[in-house]
file target04.pdb (PDB, C-alpha atoms)
MODEL        1
ATOM      1  CA  MET A   1     106.865 181.984  42.351  1.00  0.00           C
ATOM      2  CA  ARG A   2     104.686 183.883  39.885  1.00  0.00           C
ATOM      3  CA  ASP A   3     103.750 181.776  36.882  1.00  0.00           C
ATOM      4  CA  PHE A   4     105.419 183.218  33.816  1.00  0.00           C
ATOM      5  CA  TRP A   5     103.652 183.190  30.470  1.00  0.00           C
ATOM      6  CA  ARG A   6     100.168 182.710  31.839  1.00  0.00           C
ATOM      7  CA  SER A   7      98.924 183.467  28.326  1.00  0.00           C
ATOM      8  CA  SER A   8     100.479 180.188  27.107  1.00  0.00           C
ATOM      9  CA  GLY A   9      97.734 178.146  28.749  1.00  0.00           C
ATOM     10  CA  PHE A  10     100.346 176.022  30.546  1.00  0.00           C
ATOM     11  CA  HIS A  11      98.378 176.316  33.790  1.00  0.00           C
ATOM     12  CA  LEU A  12      95.397 174.687  32.042  1.00  0.00           C
ATOM     13  CA  LEU A  13      97.325 171.563  31.059  1.00  0.00           C
ATOM     14  CA  ASP A  14      98.447 168.406  32.845  1.00  0.00           C
ATOM     15  CA  ARG A  15     102.019 167.167  32.674  1.00  0.00           C
ATOM     16  CA  THR A  16     102.320 163.490  31.835  1.00  0.00           C
ATOM     17  CA  ASP A  17     104.792 161.207  33.605  1.00  0.00           C
ATOM     18  CA  GLU A  18     107.072 161.739  30.588  1.00  0.00           C
ATOM     19  CA  GLY A  19     106.862 165.530  31.021  1.00  0.00           C
ATOM     20  CA  ASP A  20     104.652 166.198  28.002  1.00  0.00           C
ATOM     21  CA  LEU A  21     101.564 168.398  28.131  1.00  0.00           C
ATOM     22  CA  GLY A  22      98.342 166.430  28.452  1.00  0.00           C
ATOM     23  CA  VAL A  23      95.207 167.955  26.949  1.00  0.00           C
ATOM     24  CA  THR A  24      92.531 168.868  29.503  1.00  0.00           C
ATOM     25  CA  PRO A  25      88.929 170.042  29.289  1.00  0.00           C
ATOM     26  CA  ASP A  26      90.037 173.421  30.688  1.00  0.00           C
ATOM     27  CA  PHE A  27      92.558 173.879  27.874  1.00  0.00           C
ATOM     28  CA  ILE A  28      89.888 173.116  25.288  1.00  0.00           C
ATOM     29  CA  ARG A  29      87.463 175.401  27.116  1.00  0.00           C
ATOM     30  CA  ALA A  30      89.935 178.252  26.527  1.00  0.00           C
ATOM     31  CA  TYR A  31      89.548 177.763  22.757  1.00  0.00           C
ATOM     32  CA  LEU A  32      85.777 177.751  23.133  1.00  0.00           C
ATOM     33  CA  ALA A  33      86.074 181.088  24.930  1.00  0.00           C
ATOM     34  CA  ARG A  34      87.725 182.723  21.906  1.00  0.00           C
ATOM     35  CA  PRO A  35      85.790 185.732  20.558  1.00  0.00           C
ATOM     36  CA  GLU A  36      85.142 183.901  17.273  1.00  0.00           C
ATOM     37  CA  VAL A  37      83.166 181.233  19.121  1.00  0.00           C
ATOM     38  CA  VAL A  38      81.476 183.017  22.023  1.00  0.00           C
ATOM     39  CA  PRO A  39      77.832 183.669  21.091  1.00  0.00           C
ATOM     40  CA  GLN A  40      76.805 187.214  20.286  1.00  0.00           C
ATOM     41  CA  GLU A  41      73.688 189.047  21.428  1.00  0.00           C
ATOM     42  CA  ASP A  42      71.882 188.033  18.238  1.00  0.00           C
ATOM     43  CA  SER A  43      72.991 184.368  18.284  1.00  0.00           C
ATOM     44  CA  CYS A  44      70.279 181.814  17.657  1.00  0.00           C
ATOM     45  CA  GLU A  45      68.891 179.509  20.313  1.00  0.00           C
ATOM     46  CA  GLN A  46      70.726 176.488  18.838  1.00  0.00           C
ATOM     47  CA  GLU A  47      74.072 178.281  19.064  1.00  0.00           C
ATOM     48  CA  LEU A  48      73.456 179.292  22.669  1.00  0.00           C
ATOM     49  CA  ALA A  49      72.537 175.717  23.550  1.00  0.00           C
ATOM     50  CA  LEU A  50      75.585 174.274  21.777  1.00  0.00           C
ATOM     51  CA  TYR A  51      77.922 176.744  23.449  1.00  0.00           C
ATOM     52  CA  THR A  52      76.452 176.059  26.895  1.00  0.00           C
ATOM     53  CA  ARG A  53      76.766 172.299  26.356  1.00  0.00           C
ATOM     54  CA  LEU A  54      80.393 172.600  25.253  1.00  0.00           C
ATOM     55  CA  MET A  55      81.387 174.897  28.097  1.00  0.00           C
ATOM     56  CA  GLU A  56      79.920 172.365  30.543  1.00  0.00           C
ATOM     57  CA  ASP A  57      81.611 169.452  28.745  1.00  0.00           C
ATOM     58  CA  PRO A  58      84.281 170.553  26.239  1.00  0.00           C
ATOM     59  CA  LEU A  59      84.714 166.925  25.156  1.00  0.00           C
ATOM     60  CA  ALA A  60      81.036 166.472  24.269  1.00  0.00           C
ATOM     61  CA  PRO A  61      80.436 165.020  20.811  1.00  0.00           C
ATOM     62  CA  VAL A  62      79.090 167.481  18.246  1.00  0.00           C
ATOM     63  CA  SER A  63      77.533 166.239  15.029  1.00  0.00           C
ATOM     64  CA  ASP A  64      77.540 167.924  11.636  1.00  0.00           C
ATOM     65  CA  GLY A  65      73.797 168.314  12.153  1.00  0.00           C
ATOM     66  CA  ASP A  66      74.374 170.239  15.385  1.00  0.00           C
ATOM     67  CA  ILE A  67      76.529 172.712  13.510  1.00  0.00           C
ATOM     68  CA  ALA A  68      74.245 172.866  10.481  1.00  0.00           C
ATOM     69  CA  ARG A  69      71.396 174.010  12.740  1.00  0.00           C
ATOM     70  CA  LEU A  70      73.265 177.207  13.586  1.00  0.00           C
ATOM     71  CA  GLU A  71      71.702 180.091  11.675  1.00  0.00           C
ATOM     72  CA  ASP A  72      74.897 182.116  11.236  1.00  0.00           C
ATOM     73  CA  GLU A  73      77.234 180.716   8.552  1.00  0.00           C
ATOM     74  CA  ASP A  74      80.238 182.389  10.185  1.00  0.00           C
ATOM     75  CA  ALA A  75      79.394 180.662  13.468  1.00  0.00           C
ATOM     76  CA  GLN A  76      79.142 177.338  11.624  1.00  0.00           C
ATOM     77  CA  TYR A  77      82.560 177.900  10.041  1.00  0.00           C
ATOM     78  CA  ASN A  78      84.178 178.930  13.338  1.00  0.00           C
ATOM     79  CA  TYR A  79      82.731 175.972  15.226  1.00  0.00           C
ATOM     80  CA  ARG A  80      83.926 173.560  12.546  1.00  0.00           C
ATOM     81  CA  ILE A  81      87.486 174.901  12.766  1.00  0.00           C
ATOM     82  CA  VAL A  82      87.635 174.926  16.573  1.00  0.00           C
ATOM     83  CA  LEU A  83      85.988 171.525  16.962  1.00  0.00           C
ATOM     84  CA  ARG A  84      88.229 169.871  14.389  1.00  0.00           C
ATOM     85  CA  PHE A  85      91.219 171.289  16.229  1.00  0.00           C
ATOM     86  CA  ARG A  86      89.726 170.085  19.529  1.00  0.00           C
ATOM     87  CA  ASP A  87      89.303 166.599  18.078  1.00  0.00           C
ATOM     88  CA  LEU A  88      92.936 166.606  16.899  1.00  0.00           C
ATOM     89  CA  LEU A  89      94.068 167.546  20.415  1.00  0.00           C
ATOM     90  CA  ILE A  90      91.923 164.843  22.007  1.00  0.00           C
ATOM     91  CA  ALA A  91      93.132 162.177  19.570  1.00  0.00           C
ATOM     92  CA  SER A  92      96.764 163.227  20.059  1.00  0.00           C
ATOM     93  CA  ARG A  93      96.447 163.267  23.879  1.00  0.00           C
ATOM     94  CA  THR A  94      99.429 165.647  24.247  1.00  0.00           C
ATOM     95  CA  LEU A  95     100.250 169.018  22.751  1.00  0.00           C
ATOM     96  CA  GLU A  96     103.605 167.713  21.585  1.00  0.00           C
ATOM     97  CA  ALA A  97     101.957 164.866  19.647  1.00  0.00           C
ATOM     98  CA  ALA A  98      99.397 167.235  18.145  1.00  0.00           C
ATOM     99  CA  TYR A  99     102.116 169.660  17.060  1.00  0.00           C
ATOM    100  CA  LEU A 100     104.166 166.838  15.535  1.00  0.00           C
ATOM    101  CA  THR A 101     101.113 165.702  13.573  1.00  0.00           C
ATOM    102  CA  ILE A 102     100.605 169.246  12.269  1.00  0.00           C
ATOM    103  CA  ALA A 103     104.308 169.825  11.493  1.00  0.00           C
ATOM    104  CA  GLN A 104     104.559 166.547   9.568  1.00  0.00           C
ATOM    105  CA  GLY A 105     101.519 167.497   7.482  1.00  0.00           C
ATOM    106  CA  LYS A 106      99.562 164.532   8.806  1.00  0.00           C
ATOM    107  CA  ALA A 107      96.689 166.491  10.338  1.00  0.00           C
ATOM    108  CA  ASP A 108      93.394 165.539   8.718  1.00  0.00           C
ATOM    109  CA  VAL A 109      92.110 169.047   9.358  1.00  0.00           C
ATOM    110  CA  PRO A 110      93.339 172.528   8.481  1.00  0.00           C
ATOM    111  CA  VAL A 111      94.933 174.099  11.545  1.00  0.00           C
ATOM    112  CA  PRO A 112      95.032 177.886  11.697  1.00  0.00           C
ATOM    113  CA  PRO A 113      98.627 179.133  12.055  1.00  0.00           C
ATOM    114  CA  LEU A 114      97.587 180.947  15.241  1.00  0.00           C
ATOM    115  CA  PHE A 115      96.562 177.641  16.836  1.00  0.00           C
ATOM    116  CA  ALA A 116      99.860 175.980  15.865  1.00  0.00           C
ATOM    117  CA  SER A 117     101.728 178.963  17.300  1.00  0.00           C
ATOM    118  CA  GLN A 118      99.781 178.667  20.542  1.00  0.00           C
ATOM    119  CA  LEU A 119     100.807 175.024  20.828  1.00  0.00           C
ATOM    120  CA  VAL A 120     104.450 176.022  20.418  1.00  0.00           C
ATOM    121  CA  HIS A 121     103.973 178.717  23.064  1.00  0.00           C
ATOM    122  CA  ALA A 122     102.735 176.181  25.627  1.00  0.00           C
ATOM    123  CA  ILE A 123     105.367 173.600  24.642  1.00  0.00           C
ATOM    124  CA  LEU A 124     108.191 176.127  25.018  1.00  0.00           C
ATOM    125  CA  ARG A 125     106.754 177.209  28.366  1.00  0.00           C
ATOM    126  CA  ASN A 126     106.886 173.563  29.438  1.00  0.00           C
ATOM    127  CA  ILE A 127     110.478 173.163  28.244  1.00  0.00           C
ATOM    128  CA  LEU A 128     111.489 176.195  30.309  1.00  0.00           C
ATOM    129  CA  ASN A 129     109.491 175.119  33.363  1.00  0.00           C
ATOM    130  CA  ASP A 130     112.498 174.094  35.441  1.00  0.00           C
ATOM    131  CA  CYS A 131     114.921 176.607  33.932  1.00  0.00           C
ATOM    132  CA  ASP A 132     116.528 178.840  36.528  1.00  0.00           C
ATOM    133  CA  ASP A 133     118.422 180.950  33.988  1.00  0.00           C
ATOM    134  CA  ALA A 134     116.461 184.187  33.731  1.00  0.00           C
ATOM    135  CA  LEU A 135     118.147 185.134  30.442  1.00  0.00           C
ATOM    136  CA  ARG A 136     117.002 181.916  28.740  1.00  0.00           C
ATOM    137  CA  VAL A 137     113.453 182.428  29.960  1.00  0.00           C
ATOM    138  CA  ARG A 138     113.565 186.050  28.818  1.00  0.00           C
ATOM    139  CA  ALA A 139     114.865 185.005  25.383  1.00  0.00           C
ATOM    140  CA  GLY A 140     111.976 182.560  25.039  1.00  0.00           C
ATOM    141  CA  GLU A 141     109.500 185.221  26.088  1.00  0.00           C
ATOM    142  CA  LEU A 142     110.531 187.414  23.183  1.00  0.00           C
ATOM    143  CA  PHE A 143     108.834 184.968  20.824  1.00  0.00           C
ATOM    144  CA  PHE A 144     105.425 185.090  22.458  1.00  0.00           C
ATOM    145  CA  ARG A 145     104.875 187.989  24.797  1.00  0.00           C
ATOM    146  CA  GLU A 146     103.813 191.399  23.565  1.00  0.00           C
ATOM    147  CA  GLN A 147     106.830 193.664  23.888  1.00  0.00           C
ATOM    148  CA  ASN A 148     107.163 197.380  24.451  1.00  0.00           C
ATOM    149  CA  VAL A 149     110.264 198.635  22.622  1.00  0.00           C
ATOM    150  CA  SER A 150     111.841 202.006  23.287  1.00  0.00           C
ATOM    151  CA  THR A 151     115.180 203.753  23.177  1.00  0.00           C
ATOM    152  CA  GLU A 152     116.743 205.594  26.043  1.00  0.00           C
ATOM    153  CA  GLY A 153     120.143 207.210  25.962  1.00  0.00           C
ATOM    154  CA  GLY A 154     120.933 205.495  22.669  1.00  0.00           C
ATOM    155  CA  ARG A 155     120.097 202.065  24.104  1.00  0.00           C
ATOM    156  CA  LEU A 156     117.374 199.742  22.890  1.00  0.00           C
ATOM    157  CA  MET A 157     115.095 198.628  25.707  1.00  0.00           C
ATOM    158  CA  LEU A 158     112.577 195.768  25.648  1.00  0.00           C
ATOM    159  CA  ALA A 159     109.943 195.188  28.290  1.00  0.00           C
ATOM    160  CA  ASP A 160     106.881 192.985  28.565  1.00  0.00           C
ATOM    161  CA  ASP A 161     103.833 194.971  27.605  1.00  0.00           C
ATOM    162  CA  GLU A 162     101.789 193.330  30.397  1.00  0.00           C
ATOM    163  CA  ILE A 163     104.378 194.372  32.996  1.00  0.00           C
ATOM    164  CA  VAL A 164     105.114 197.996  31.998  1.00  0.00           C
TER     165      VAL A 164
ENDMDL
END
call {"tool": "encode", "arguments": {"input": "target04.pdb", "output": "structure tokens"}}
result
Amino acid sequence: MRDFWRSSGFHLLDRTDEGDLGVTPDFIRAYLARPEVVPQEDSCEQELALYTRLMEDPLAPVSDGDIARLEDEDAQYNYRIVLRFRDLLIASRTLEAAYLTIAQGKADVPVPPLFASQLVHAILRNILNDCDDALRVRAGELFFREQNVSTEGGRLMLADDEIV
């Protein structure tokens, strides 16, 4: 069966014995691969070294000094956000626990709404993992997959942008 919602990152996570989504280095690596974090052609040597180290070991400790040595202030800001989020995920151990911490306002770090939405995306994908009702899966997809909307013969038609 083709994995649905590959963009959720579900395939990068482990399922715990309880059925929750366990955080993995590969899941964190996906955040490090975001365009805001990937070094640019003009990135300094320290940024290249930090990025290489984190891609090899996404759980590697990073000090404030490591980030302060980056020449680009935007890169410093982006790394701080992503690494604080990473640390929240690691401390929470599961996506569900991390999301609950965020939703209850107990996160010690600001979490970008996009990151919280991505957690919900993966959690919903997990909830629907064993669902054999195509309409329920389709309804869930409407929240997260890019849709192509058109009308034909007076009827509204929705289709996944990645499919059509």
call {"tool": "closest_residue", "arguments": {"input": "target04.pdb", "among": "A:Asp64, A:Asp160, A:Asp108, A:Asp72", "to": "A:Gln40", "atoms": "all atoms listed in the file"}}
result
A:Asp72
call {"tool": "closest_residue", "arguments": {"input": "target04.pdb", "among": "A:Leu156, A:Asn78, A:Arg125, A:Val120", "to": "A:Leu100", "atoms": "only C-alpha atoms"}}
result
A:Val120
call {"tool": "closest_residue", "arguments": {"input": "target04.pdb", "among": "A:Val37, A:Ala97, A:Lys106, A:Val23", "to": "A:Leu83", "atoms": "all atoms listed in the file"}}
result
A:Val37
call {"tool": "closest_residue", "arguments": {"input": "target04.pdb", "among": "A:Leu95, A:Met55, A:Asp87, A:Cys44", "to": "A:Ala75", "atoms": "all atoms listed in the file"}}
result
A:Cys44
call {"tool": "resolve_selection", "arguments": {"input": "target04.pdb", "expression": "the PyMOL selection byres ((chain A and resi 13) around 8)", "output": "list of chain:residue names"}}
result
A:Gly9, A:Phe10, A:His11, A:Leu12, A:Asp14, A:Arg15, A:Leu21, A:Gly22, A:Val23, A:Thr24, A:Asp26, A:Phe27
call {"tool": "atom_distance", "arguments": {"input": "target04.pdb", "atom1": "atom CA of A:Phe4", "atom2": "atom CA of A:Gln118"}}
result
15.1 Å
call {"tool": "atom_distance", "arguments": {"input": "target04.pdb", "atom1": "atom CA of A:Leu135", "atom2": "atom CA of A:Ser150"}}
result
19.4 Å
call {"tool": "atom_distance", "arguments": {"input": "target04.pdb", "atom1": "atom CA of A:Leu89", "atom2": "atom CA of A:Ser117"}}
result
14.1 Å
call {"tool": "closest_residue", "arguments": {"input": "target04.pdb", "among": "A:Val82, A:Leu70, A:Ala103, A:Ala49", "to": "A:Ala30", "atoms": "all atoms listed in the file"}}
result
A:Val82
call {"tool": "closest_atom_pairs", "arguments": {"input": "target04.pdb", "of": "stretch 1-39 of chain A", "to": "stretch 143-148 of chain A", "cutoff": "12 Å", "atoms": "all atoms listed in the file", "output": "tab-separated table"}}
result
residue	atom	partner	partner_atom	distance
A:Phe4	CA	A:Arg145	CA	10.2
A:Trp5	CA	A:Arg145	CA	7.5
A:Arg6	CA	A:Arg145	CA	10.0
A:Ser7	CA	A:Arg145	CA	8.3
A:Ser8	CA	A:Phe144	CA	8.4
call {"tool": "axis_aligned_box", "arguments": {"input": "target04.pdb", "around": "stretch 141-155 of chain A", "padding_each_side": "6 Å", "output": "AutoDock Vina command-line options"}}
result
--center_x 112.4 --center_y 196.1 --center_z 23.5 --size_x 29.1 --size_y 34.2 --size_z 17.3
call {"tool": "residues_around", "arguments": {"input": "target04.pdb", "residues": "A:Arg80", "least_positions_apart": "4", "cutoff": "12 Å", "atoms": "only C-alpha atoms", "output": "JSON, numbers by chain"}}
result
{"A": [32, 36, 37, 62, 63, 64, 65, 66, 67, 68, 70, 73, 74, 75, 76, 84, 85, 86, 87, 109, 110, 111, 112]}
